[in-house]
Amino acid sequence: MSFRKRSSIISSSGSTQTIQTKTDTTPAPGVRPSPLDGRPTTSSGTASLDNLLAGHSGIPLGTSLLIGEHGTTDFAGMLLRYYVAEGLVQGHQIHVLGLHENWRAELPGLSTDSKSSSKSEASSGDKMKIAWRYESLGSAGAARDREAQRAQGASNTSATVPFCHTFDLTKRLSPGDVKGQVGFHQSMTIPGPGGQQTSVFKLFIKDLSSKLANSPPSSVHRVIVPNLLSPTMYLSSSSLPQEVLQFLHSLRALLRQYPKSLTVLITLPLSLYPRTTGLTRWIELLCDGVLEFIPLQSTTIHKPPPSSKGDGKDDEKVQGLIKVHSLPIFHEKGGGSHSALDDQSFSLSRSRGLIIKPFYLPPADSDENEAKSGDAGKPSMDF
């Protein structure tokens with residue numbers, strides 16, 4: 001019986017040993033796996049919107065979201081600002097169609113609450129790296145603790161960065177917080193000498209595809225198309241069905257070609273193009289998720305019922321309703337039933353952004369009590 005040293009490698013003639021290298025499985029900044037099926041997701045910049053998207057807690061990469069809005073309000077535009085601000089803070093590349101570069105100065109800034117919470121999470125994470133019973137050790141265990149903290153510091157840096165930041169509408173995004181890049185593409189083109197106009201959508205798709213092909217696989221790209229088909233932002237030729245549908249088909253092809261590095265957010269003015277028209281229905285079919293925003297008039301804004309946690313502040317008032325027509329990757333594991341997504345409302349808060357929550361009417365007793373209290377101060381008119 002022969003003995004062989006454990007450290008020796010058994011080699012046989014005619015066979016080669018392949019060294020398996022460990023692949024870097026750490027996700028990109030601002031990307032985490034879905035709690036349902038593990039697909040990579042990114043935040044929309046609005047925590048309540050992330051919770052609404054079929055249980056994935058974010059926008060799945062490789063999908064698009066269409067937001068239609070009635071009236072002349074700009075709540076969908078606020079979602080675009082949060083979406084772009086979140087991408088810039090996370091270090092993503094932003095592609096904007098139809099807006100001027102001055103629009104970048106309107107992005108909301110980071111809230112002081114999010115900065116303080118991230119610092120507290122980092123300090124608490126460092127404290128929990130070592131078990132509590134080792135804290136009583138003296139100088140003998142101090143060096144070992146420092147080595148363990150240095151070894152785990154690099155791996156836990158991504159965990160301290162929040163997935164969805166909190167933004168403040170009264171502030172503006174400072175250049176020190178910006179880690180990504182943003183590119184603006186014009187939607188109004190000047191005709192050439194021959195009188196021919198190049199399609200704005202085709203130029204945008206060509207530039208986007210080239211940047212996706214030349215970017216590393218770990219990079220994340222965000223595309224926003226605000227107020228699609230609006231005559232104030234696009235040429236009349238861009239509103240033709242063949243132009244719009246080809247553009248959406250090209251976007252859908254890029255989303256399927258780069259399923260781990262691209263998301264698209266589109267807004268549509270439903271007052272100009274209602275959902276009863278055939279073009280709007282085709283646009284909805286070519287998008288993975290469709291939401292409809294219905295703002296309420298200022299005279300019909302509802303206050304929360306007395307049983308809710310709100311104190312009756314202005315930012316808690318319901319400012320509109322949301323109809324969920326379809327969600328990205330809606331399957332049997334996520335999103336629950338469609339009845340759970342009905343009767344959604346939204347309100348715009350200064351510190352928490354757009355808040356989406358279930359809509360409910362206040363109790364009928366509260367209206368009667370308010371009427372009685374209002375009549376109590378008036379003199380009686382009994383005869």
# chains A, B, ... in the order shown; residues from 1 in each chain; ligands from 1
$ select_by_dssp --residues "region 185-311 of chain A" --states "strand (DSSP E or B)" --output "ChimeraX atom specification"
/A:185,221-225,262-269,289-295,302
$ residues_around --residues "Ser271 (chain A)" --least-positions-apart "5" --cutoff "10 Å" --atoms "only C-alpha atoms" --output "list in words"
Gly68, Glu69, His70, Gly71 and Thr72 of chain A
$ write_last_selection --atoms "C-alpha atoms" --output "compact mmCIF listing (two decimals), in the first residue's frame"
# COMPACT_ATOMS: atom_id res chain seq x y z
CA GLY A 68 -50.60 57.68 -19.52
CA GLU A 69 -51.95 60.82 -17.87
CA HIS A 70 -55.16 62.75 -18.30
CA GLY A 71 -55.46 66.51 -18.07
CA THR A 72 -52.74 69.15 -18.02
$ residues_around --residues "region 33-43 of chain A" --least-positions-apart "6" --cutoff "7 Å" --atoms "only C-alpha atoms" --output "ChimeraX atom specification"
/A:50,56-61,163-164,260,333-334
$ write_last_selection --atoms "N, CA, C and O atoms" --output "tab-separated table (two decimals), in the first residue's frame"
chain	number	residue	atom	x	y	z
A	50	ASP	N	-42.27	50.98	-6.95
A	50	ASP	CA	-41.55	49.71	-6.96
A	50	ASP	C	-42.37	48.60	-6.34
A	50	ASP	O	-42.37	47.46	-6.82
A	56	HIS	N	-42.02	42.45	-7.73
A	56	HIS	CA	-40.58	42.39	-7.99
A	56	HIS	C	-39.80	43.45	-7.22
A	56	HIS	O	-38.57	43.46	-7.27
A	57	SER	N	-40.49	44.36	-6.54
A	57	SER	CA	-39.86	45.43	-5.76
A	57	SER	C	-38.93	46.29	-6.62
A	57	SER	O	-37.88	46.72	-6.18
A	58	GLY	N	-39.33	46.54	-7.84
A	58	GLY	CA	-38.55	47.36	-8.75
A	58	GLY	C	-38.93	47.06	-10.19
A	58	GLY	O	-39.78	46.19	-10.48
A	59	ILE	N	-38.32	47.79	-11.11
A	59	ILE	CA	-38.55	47.57	-12.54
A	59	ILE	C	-37.62	46.47	-13.02
A	59	ILE	O	-36.40	46.62	-12.94
A	60	PRO	N	-38.12	45.36	-13.52
A	60	PRO	CA	-37.22	44.32	-14.04
A	60	PRO	C	-36.45	44.83	-15.25
A	60	PRO	O	-37.01	45.51	-16.12
A	61	LEU	N	-35.17	44.54	-15.30
A	61	LEU	CA	-34.37	44.95	-16.45
A	61	LEU	C	-34.86	44.24	-17.70
A	61	LEU	O	-35.26	43.08	-17.67
A	163	PHE	N	-31.07	50.86	-2.18
A	163	PHE	CA	-31.60	50.49	-3.49
A	163	PHE	C	-32.45	51.60	-4.07
A	163	PHE	O	-32.42	51.86	-5.27
A	164	CYS	N	-33.23	52.26	-3.23
A	164	CYS	CA	-34.09	53.37	-3.65
A	164	CYS	C	-33.82	54.55	-2.73
A	164	CYS	O	-34.05	54.45	-1.51
A	260	LYS	N	-30.44	42.54	-19.41
A	260	LYS	CA	-29.85	42.79	-18.11
A	260	LYS	C	-29.21	44.16	-17.99
A	260	LYS	O	-28.45	44.41	-17.04
A	333	LYS	N	-46.62	33.98	-9.77
A	333	LYS	CA	-45.86	34.16	-8.53
A	333	LYS	C	-45.93	35.58	-8.00
A	333	LYS	O	-45.70	35.82	-6.82
A	334	GLY	N	-46.18	36.54	-8.87
A	334	GLY	CA	-46.10	37.94	-8.42
A	334	GLY	C	-47.35	38.71	-8.76
A	334	GLY	O	-48.09	38.40	-9.70
$ residues_around --residues "Leu270 (chain A)" --least-positions-apart "3" --cutoff "12 Å" --atoms "only C-alpha atoms" --output "ChimeraX atom specification"
/A:66-73,76,227-230,267,273-277,279-281,283-284,291-295
$ write_last_selection --atoms "N, CA, C and O atoms" --output "mmCIF file, in the first residue's frame"
data_model
loop_
_atom_site.group_PDB
_atom_site.id
_atom_site.type_symbol
_atom_site.label_atom_id
_atom_site.label_comp_id
_atom_site.auth_asym_id
_atom_site.auth_seq_id
_atom_site.Cartn_x
_atom_site.Cartn_y
_atom_site.Cartn_z
ATOM 1 N N LEU A 66 -45.197 52.126 -19.578
ATOM 2 C CA LEU A 66 -45.915 53.246 -20.190
ATOM 3 C C LEU A 66 -46.848 53.862 -19.156
ATOM 4 O O LEU A 66 -47.617 53.156 -18.504
ATOM 5 N N ILE A 67 -46.762 55.186 -19.002
ATOM 6 C CA ILE A 67 -47.592 55.920 -18.050
ATOM 7 C C ILE A 67 -48.410 56.945 -18.826
ATOM 8 O O ILE A 67 -47.859 57.896 -19.388
ATOM 9 N N GLY A 68 -49.711 56.730 -18.889
ATOM 10 C CA GLY A 68 -50.604 57.681 -19.524
ATOM 11 C C GLY A 68 -51.267 58.570 -18.493
ATOM 12 O O GLY A 68 -51.645 58.113 -17.414
ATOM 13 N N GLU A 69 -51.406 59.849 -18.819
ATOM 14 C CA GLU A 69 -51.951 60.815 -17.865
ATOM 15 C C GLU A 69 -52.996 61.685 -18.536
ATOM 16 O O GLU A 69 -52.803 62.162 -19.660
ATOM 17 N N HIS A 70 -54.103 61.877 -17.830
ATOM 18 C CA HIS A 70 -55.165 62.754 -18.302
ATOM 19 C C HIS A 70 -54.910 64.185 -17.819
ATOM 20 O O HIS A 70 -54.213 64.409 -16.827
ATOM 21 N N GLY A 71 -55.524 65.125 -18.516
ATOM 22 C CA GLY A 71 -55.461 66.514 -18.074
ATOM 23 C C GLY A 71 -54.135 67.176 -18.410
ATOM 24 O O GLY A 71 -53.317 66.679 -19.192
ATOM 25 N N THR A 72 -53.937 68.330 -17.763
ATOM 26 C CA THR A 72 -52.741 69.147 -18.022
ATOM 27 C C THR A 72 -51.734 69.095 -16.876
ATOM 28 O O THR A 72 -50.811 69.895 -16.837
ATOM 29 N N THR A 73 -51.913 68.195 -15.934
ATOM 30 C CA THR A 73 -50.952 68.063 -14.832
ATOM 31 C C THR A 73 -49.698 67.329 -15.320
ATOM 32 O O THR A 73 -49.653 66.808 -16.446
ATOM 33 N N ALA A 76 -46.821 62.465 -14.158
ATOM 34 C CA ALA A 76 -45.967 61.510 -14.860
ATOM 35 C C ALA A 76 -44.567 62.085 -15.081
ATOM 36 O O ALA A 76 -43.571 61.361 -15.030
ATOM 37 N N ASN A 227 -43.870 62.503 -22.933
ATOM 38 C CA ASN A 227 -44.955 63.072 -23.753
ATOM 39 C C ASN A 227 -44.869 62.611 -25.204
ATOM 40 O O ASN A 227 -44.762 63.412 -26.138
ATOM 41 N N LEU A 228 -44.901 61.308 -25.381
ATOM 42 C CA LEU A 228 -44.852 60.750 -26.725
ATOM 43 C C LEU A 228 -46.036 61.251 -27.550
ATOM 44 O O LEU A 228 -47.167 61.322 -27.049
ATOM 45 N N LEU A 229 -45.750 61.635 -28.795
ATOM 46 C CA LEU A 229 -46.745 62.126 -29.759
ATOM 47 C C LEU A 229 -47.255 63.521 -29.442
ATOM 48 O O LEU A 229 -48.183 64.010 -30.101
ATOM 49 N N SER A 230 -46.680 64.208 -28.464
ATOM 50 C CA SER A 230 -47.135 65.555 -28.152
ATOM 51 C C SER A 230 -46.684 66.513 -29.252
ATOM 52 O O SER A 230 -45.512 66.524 -29.642
ATOM 53 N N THR A 267 -44.023 58.249 -21.245
ATOM 54 C CA THR A 267 -45.258 58.916 -20.828
ATOM 55 C C THR A 267 -46.050 59.313 -22.072
ATOM 56 O O THR A 267 -45.473 59.624 -23.121
ATOM 57 N N TYR A 273 -54.484 61.711 -27.034
ATOM 58 C CA TYR A 273 -54.588 60.387 -27.637
ATOM 59 C C TYR A 273 -55.256 59.455 -26.627
ATOM 60 O O TYR A 273 -54.586 58.732 -25.890
ATOM 61 N N PRO A 274 -56.573 59.462 -26.538
ATOM 62 C CA PRO A 274 -57.258 58.614 -25.547
ATOM 63 C C PRO A 274 -57.068 57.134 -25.846
ATOM 64 O O PRO A 274 -56.650 56.734 -26.939
ATOM 65 N N ARG A 275 -57.424 56.329 -24.866
ATOM 66 C CA ARG A 275 -57.222 54.887 -24.988
ATOM 67 C C ARG A 275 -58.213 54.242 -25.952
ATOM 68 O O ARG A 275 -58.066 53.065 -26.287
ATOM 69 N N THR A 276 -59.201 54.971 -26.397
ATOM 70 C CA THR A 276 -60.160 54.416 -27.357
ATOM 71 C C THR A 276 -59.628 54.400 -28.783
ATOM 72 O O THR A 276 -60.205 53.726 -29.640
ATOM 73 N N THR A 277 -58.544 55.134 -29.069
ATOM 74 C CA THR A 277 -57.987 55.166 -30.415
ATOM 75 C C THR A 277 -57.137 53.916 -30.657
ATOM 76 O O THR A 277 -56.553 53.339 -29.738
ATOM 77 N N LEU A 279 -54.259 53.705 -32.316
ATOM 78 C CA LEU A 279 -52.823 53.907 -32.149
ATOM 79 C C LEU A 279 -52.404 53.762 -30.688
ATOM 80 O O LEU A 279 -51.364 53.157 -30.379
ATOM 81 N N THR A 280 -53.209 54.306 -29.784
ATOM 82 C CA THR A 280 -52.870 54.183 -28.361
ATOM 83 C C THR A 280 -52.937 52.728 -27.909
ATOM 84 O O THR A 280 -52.098 52.286 -27.109
ATOM 85 N N ARG A 281 -53.882 51.971 -28.417
ATOM 86 C CA ARG A 281 -53.968 50.563 -28.046
ATOM 87 C C ARG A 281 -52.759 49.781 -28.544
ATOM 88 O O ARG A 281 -52.248 48.896 -27.850
ATOM 89 N N ILE A 283 -49.789 51.077 -28.977
ATOM 90 C CA ILE A 283 -48.665 51.505 -28.135
ATOM 91 C C ILE A 283 -48.672 50.749 -26.815
ATOM 92 O O ILE A 283 -47.628 50.320 -26.318
ATOM 93 N N GLU A 284 -49.859 50.543 -26.245
ATOM 94 C CA GLU A 284 -49.946 49.800 -24.990
ATOM 95 C C GLU A 284 -49.547 48.339 -25.171
ATOM 96 O O GLU A 284 -48.926 47.737 -24.279
ATOM 97 N N LEU A 291 -49.754 51.952 -17.014
ATOM 98 C CA LEU A 291 -50.440 52.598 -15.904
ATOM 99 C C LEU A 291 -51.181 53.824 -16.425
ATOM 100 O O LEU A 291 -50.692 54.521 -17.326
ATOM 101 N N GLU A 292 -52.336 54.107 -15.834
ATOM 102 C CA GLU A 292 -53.148 55.266 -16.228
ATOM 103 C C GLU A 292 -53.345 56.172 -15.021
ATOM 104 O O GLU A 292 -53.864 55.736 -13.988
ATOM 105 N N PHE A 293 -52.917 57.422 -15.149
ATOM 106 C CA PHE A 293 -53.046 58.409 -14.087
ATOM 107 C C PHE A 293 -54.264 59.291 -14.380
ATOM 108 O O PHE A 293 -54.369 59.865 -15.465
ATOM 109 N N ILE A 294 -55.148 59.405 -13.374
ATOM 110 C CA ILE A 294 -56.349 60.232 -13.493
ATOM 111 C C ILE A 294 -56.308 61.269 -12.376
ATOM 112 O O ILE A 294 -56.723 60.996 -11.235
ATOM 113 N N PRO A 295 -55.778 62.474 -12.622
ATOM 114 C CA PRO A 295 -55.740 63.501 -11.563
ATOM 115 C C PRO A 295 -57.137 63.979 -11.212
ATOM 116 O O PRO A 295 -58.031 64.071 -12.065
#
$ closest_residue --among "A:Leu212, A:Leu97, A:Leu327, A:Ile205" --to "Phe247 (chain A)" --atoms "only C-alpha atoms"
A:Ile205
$ closest_residue --among "A:Ile322, A:Leu354, A:Ala213, A:Val223" --to "Gln257 (chain A)" --atoms "only C-alpha atoms"
A:Ala213
$ atom_distance --atom1 "CA of Gly353 (chain A)" --atom2 "CA of Met78 (chain A)"
8.4 Å
$ atom_distance --atom1 "CA of Thr263 (chain A)" --atom2 "CA of His92 (chain A)"
10.9 Å
$ residues_around --residues "region 169-184 of chain A" --least-positions-apart "5" --cutoff "7 Å" --atoms "only C-alpha atoms" --output "short mmCIF file (atom, residue, chain, number, x, y, z; two decimals) with N, CA, C and O atoms, in the first residue's frame"
data_model
loop_
_atom_site.label_atom_id
_atom_site.label_comp_id
_atom_site.auth_asym_id
_atom_site.auth_seq_id
_atom_site.Cartn_x
_atom_site.Cartn_y
_atom_site.Cartn_z
N GLY A 87 -31.19 57.03 -11.28
CA GLY A 87 -30.16 56.47 -12.15
C GLY A 87 -28.84 57.21 -12.07
O GLY A 87 -27.77 56.59 -12.08
N LEU A 88 -28.89 58.54 -11.99
CA LEU A 88 -27.65 59.31 -11.90
C LEU A 88 -26.94 59.06 -10.58
O LEU A 88 -25.71 58.98 -10.53
N VAL A 89 -27.68 58.92 -9.50
CA VAL A 89 -27.06 58.66 -8.20
C VAL A 89 -26.44 57.26 -8.16
O VAL A 89 -25.39 57.05 -7.56
N GLN A 90 -27.07 56.30 -8.84
CA GLN A 90 -26.56 54.93 -8.84
C GLN A 90 -25.44 54.71 -9.85
O GLN A 90 -24.81 53.65 -9.85
N GLY A 91 -25.18 55.69 -10.72
CA GLY A 91 -24.10 55.54 -11.70
C GLY A 91 -24.55 54.94 -13.02
O GLY A 91 -23.72 54.41 -13.76
N HIS A 92 -25.84 55.05 -13.35
CA HIS A 92 -26.35 54.51 -14.61
C HIS A 92 -26.23 55.55 -15.72
O HIS A 92 -26.06 56.75 -15.45
N GLN A 93 -26.35 55.08 -16.95
CA GLN A 93 -26.33 55.97 -18.11
C GLN A 93 -27.78 56.27 -18.53
O GLN A 93 -28.58 55.36 -18.72
N ILE A 94 -28.07 57.56 -18.70
CA ILE A 94 -29.42 58.02 -18.98
C ILE A 94 -29.48 58.52 -20.42
O ILE A 94 -28.59 59.25 -20.87
N HIS A 95 -30.54 58.14 -21.12
CA HIS A 95 -30.78 58.60 -22.50
C HIS A 95 -32.16 59.27 -22.52
O HIS A 95 -33.18 58.62 -22.26
N VAL A 96 -32.18 60.56 -22.85
CA VAL A 96 -33.40 61.37 -22.82
C VAL A 96 -33.73 61.80 -24.24
O VAL A 96 -32.87 62.31 -24.97
N LEU A 97 -34.98 61.63 -24.62
CA LEU A 97 -35.44 62.04 -25.94
C LEU A 97 -36.46 63.16 -25.80
O LEU A 97 -37.43 63.03 -25.06
N LEU A 99 -36.13 66.39 -24.67
CA LEU A 99 -35.99 67.43 -23.66
C LEU A 99 -34.66 68.15 -23.84
O LEU A 99 -33.69 67.61 -24.37
N HIS A 100 -34.63 69.39 -23.32
CA HIS A 100 -33.41 70.20 -23.41
C HIS A 100 -32.51 69.89 -22.23
O HIS A 100 -32.93 69.33 -21.21
N GLU A 101 -31.25 70.28 -22.35
CA GLU A 101 -30.28 70.02 -21.28
C GLU A 101 -30.61 70.78 -20.00
O GLU A 101 -30.17 70.37 -18.92
N ALA A 105 -31.42 70.53 -14.58
CA ALA A 105 -31.42 71.35 -13.37
C ALA A 105 -32.69 71.22 -12.56
O ALA A 105 -32.75 71.70 -11.43
N GLU A 106 -33.74 70.57 -13.09
CA GLU A 106 -34.99 70.39 -12.37
C GLU A 106 -35.06 69.09 -11.59
O GLU A 106 -36.08 68.80 -10.98
N LEU A 107 -34.00 68.29 -11.62
CA LEU A 107 -34.02 67.00 -10.92
C LEU A 107 -33.99 67.23 -9.42
O LEU A 107 -33.25 68.08 -8.92
N PRO A 108 -34.78 66.49 -8.64
CA PRO A 108 -34.78 66.68 -7.18
C PRO A 108 -33.49 66.19 -6.55
O PRO A 108 -32.83 65.27 -7.05
N GLY A 109 -33.12 66.83 -5.44
CA GLY A 109 -31.91 66.47 -4.73
C GLY A 109 -32.15 65.41 -3.67
O GLY A 109 -33.30 65.12 -3.29
N LEU A 110 -31.07 64.83 -3.20
CA LEU A 110 -31.17 63.81 -2.17
C LEU A 110 -31.65 64.41 -0.86
O LEU A 110 -31.25 65.52 -0.48
N ARG A 350 -43.66 66.41 -0.52
CA ARG A 350 -42.39 67.11 -0.70
C ARG A 350 -41.20 66.25 -0.35
O ARG A 350 -40.20 66.24 -1.06
N SER A 351 -41.29 65.51 0.73
CA SER A 351 -40.13 64.75 1.21
C SER A 351 -40.15 63.29 0.76
O SER A 351 -39.09 62.68 0.63
#
$ decode --residues "region 227-310 of chain A" --atoms "C-alpha atoms" --output "PDB file, in the first residue's frame"
ATOM      1  CA  ASN A 227     -44.955  63.072 -23.753  1.00  0.00           C
ATOM      2  CA  LEU A 228     -44.852  60.750 -26.725  1.00  0.00           C
ATOM      3  CA  LEU A 229     -46.745  62.126 -29.759  1.00  0.00           C
ATOM      4  CA  SER A 230     -47.135  65.555 -28.152  1.00  0.00           C
ATOM      5  CA  PRO A 231     -47.182  68.259 -30.877  1.00  0.00           C
ATOM      6  CA  THR A 232     -45.199  70.625 -28.655  1.00  0.00           C
ATOM      7  CA  MET A 233     -42.216  68.245 -28.508  1.00  0.00           C
ATOM      8  CA  TYR A 234     -42.319  66.198 -31.725  1.00  0.00           C
ATOM      9  CA  LEU A 235     -42.816  66.941 -35.384  1.00  0.00           C
ATOM     10  CA  SER A 236     -46.065  66.131 -37.116  1.00  0.00           C
ATOM     11  CA  SER A 237     -44.299  63.449 -39.148  1.00  0.00           C
ATOM     12  CA  SER A 238     -43.251  61.728 -35.912  1.00  0.00           C
ATOM     13  CA  SER A 239     -46.906  61.211 -34.984  1.00  0.00           C
ATOM     14  CA  LEU A 240     -47.580  58.966 -37.954  1.00  0.00           C
ATOM     15  CA  PRO A 241     -48.476  55.406 -36.941  1.00  0.00           C
ATOM     16  CA  GLN A 242     -45.728  53.847 -39.030  1.00  0.00           C
ATOM     17  CA  GLU A 243     -43.094  56.034 -37.380  1.00  0.00           C
ATOM     18  CA  VAL A 244     -44.262  55.495 -33.805  1.00  0.00           C
ATOM     19  CA  LEU A 245     -44.875  51.766 -34.089  1.00  0.00           C
ATOM     20  CA  GLN A 246     -41.516  51.137 -35.762  1.00  0.00           C
ATOM     21  CA  PHE A 247     -39.846  53.107 -32.980  1.00  0.00           C
ATOM     22  CA  LEU A 248     -41.564  51.052 -30.277  1.00  0.00           C
ATOM     23  CA  HIS A 249     -40.765  47.806 -32.083  1.00  0.00           C
ATOM     24  CA  SER A 250     -37.087  48.832 -32.200  1.00  0.00           C
ATOM     25  CA  LEU A 251     -37.120  49.690 -28.495  1.00  0.00           C
ATOM     26  CA  ARG A 252     -38.719  46.350 -27.708  1.00  0.00           C
ATOM     27  CA  ALA A 253     -36.047  44.560 -29.750  1.00  0.00           C
ATOM     28  CA  LEU A 254     -33.264  46.324 -27.825  1.00  0.00           C
ATOM     29  CA  LEU A 255     -34.931  45.410 -24.527  1.00  0.00           C
ATOM     30  CA  ARG A 256     -34.947  41.738 -25.517  1.00  0.00           C
ATOM     31  CA  GLN A 257     -31.398  41.942 -26.854  1.00  0.00           C
ATOM     32  CA  TYR A 258     -30.052  43.495 -23.638  1.00  0.00           C
ATOM     33  CA  PRO A 259     -32.280  41.994 -20.917  1.00  0.00           C
ATOM     34  CA  LYS A 260     -29.851  42.790 -18.105  1.00  0.00           C
ATOM     35  CA  SER A 261     -28.845  46.351 -18.860  1.00  0.00           C
ATOM     36  CA  LEU A 262     -31.785  48.388 -20.223  1.00  0.00           C
ATOM     37  CA  THR A 263     -35.098  49.785 -18.980  1.00  0.00           C
ATOM     38  CA  VAL A 264     -37.483  52.224 -20.689  1.00  0.00           C
ATOM     39  CA  LEU A 265     -40.048  54.639 -19.219  1.00  0.00           C
ATOM     40  CA  ILE A 266     -42.535  56.360 -21.567  1.00  0.00           C
ATOM     41  CA  THR A 267     -45.258  58.916 -20.828  1.00  0.00           C
ATOM     42  CA  LEU A 268     -48.255  59.586 -23.064  1.00  0.00           C
ATOM     43  CA  PRO A 269     -50.806  62.464 -22.929  1.00  0.00           C
ATOM     44  CA  LEU A 270     -54.154  60.666 -22.917  1.00  0.00           C
ATOM     45  CA  SER A 271     -56.065  63.926 -23.375  1.00  0.00           C
ATOM     46  CA  LEU A 272     -54.695  64.114 -26.929  1.00  0.00           C
ATOM     47  CA  TYR A 273     -54.588  60.387 -27.637  1.00  0.00           C
ATOM     48  CA  PRO A 274     -57.258  58.614 -25.547  1.00  0.00           C
ATOM     49  CA  ARG A 275     -57.222  54.887 -24.988  1.00  0.00           C
ATOM     50  CA  THR A 276     -60.160  54.416 -27.357  1.00  0.00           C
ATOM     51  CA  THR A 277     -57.987  55.166 -30.415  1.00  0.00           C
ATOM     52  CA  GLY A 278     -56.309  52.339 -32.261  1.00  0.00           C
ATOM     53  CA  LEU A 279     -52.823  53.907 -32.149  1.00  0.00           C
ATOM     54  CA  THR A 280     -52.870  54.183 -28.361  1.00  0.00           C
ATOM     55  CA  ARG A 281     -53.968  50.563 -28.046  1.00  0.00           C
ATOM     56  CA  TRP A 282     -51.070  49.433 -30.221  1.00  0.00           C
ATOM     57  CA  ILE A 283     -48.665  51.505 -28.135  1.00  0.00           C
ATOM     58  CA  GLU A 284     -49.946  49.800 -24.990  1.00  0.00           C
ATOM     59  CA  LEU A 285     -49.507  46.360 -26.553  1.00  0.00           C
ATOM     60  CA  LEU A 286     -45.864  47.122 -27.382  1.00  0.00           C
ATOM     61  CA  CYS A 287     -45.074  48.107 -23.772  1.00  0.00           C
ATOM     62  CA  ASP A 288     -44.631  45.607 -20.951  1.00  0.00           C
ATOM     63  CA  GLY A 289     -46.452  47.648 -18.290  1.00  0.00           C
ATOM     64  CA  VAL A 290     -49.259  50.211 -18.629  1.00  0.00           C
ATOM     65  CA  LEU A 291     -50.440  52.598 -15.904  1.00  0.00           C
ATOM     66  CA  GLU A 292     -53.148  55.266 -16.228  1.00  0.00           C
ATOM     67  CA  PHE A 293     -53.046  58.409 -14.087  1.00  0.00           C
ATOM     68  CA  ILE A 294     -56.349  60.232 -13.493  1.00  0.00           C
ATOM     69  CA  PRO A 295     -55.740  63.501 -11.563  1.00  0.00           C
ATOM     70  CA  LEU A 296     -58.589  64.817  -9.463  1.00  0.00           C
ATOM     71  CA  GLN A 297     -59.764  68.409  -9.448  1.00  0.00           C
ATOM     72  CA  SER A 298     -58.715  70.597  -6.562  1.00  0.00           C
ATOM     73  CA  THR A 299     -62.290  70.748  -5.284  1.00  0.00           C
ATOM     74  CA  THR A 300     -62.600  66.953  -5.132  1.00  0.00           C
ATOM     75  CA  ILE A 301     -59.367  66.143  -3.316  1.00  0.00           C
ATOM     76  CA  HIS A 302     -60.079  63.592  -0.604  1.00  0.00           C
ATOM     77  CA  LYS A 303     -58.608  63.678   2.850  1.00  0.00           C
ATOM     78  CA  PRO A 304     -57.574  60.461   4.596  1.00  0.00           C
ATOM     79  CA  PRO A 305     -60.146  58.981   6.997  1.00  0.00           C
ATOM     80  CA  PRO A 306     -59.658  59.550  10.719  1.00  0.00           C
ATOM     81  CA  SER A 307     -58.637  55.917  11.224  1.00  0.00           C
ATOM     82  CA  SER A 308     -55.559  56.258   9.027  1.00  0.00           C
ATOM     83  CA  LYS A 309     -52.143  57.183  10.323  1.00  0.00           C
ATOM     84  CA  GLY A 310     -52.119  60.498   8.467  1.00  0.00           C
TER      85      GLY A 310
END
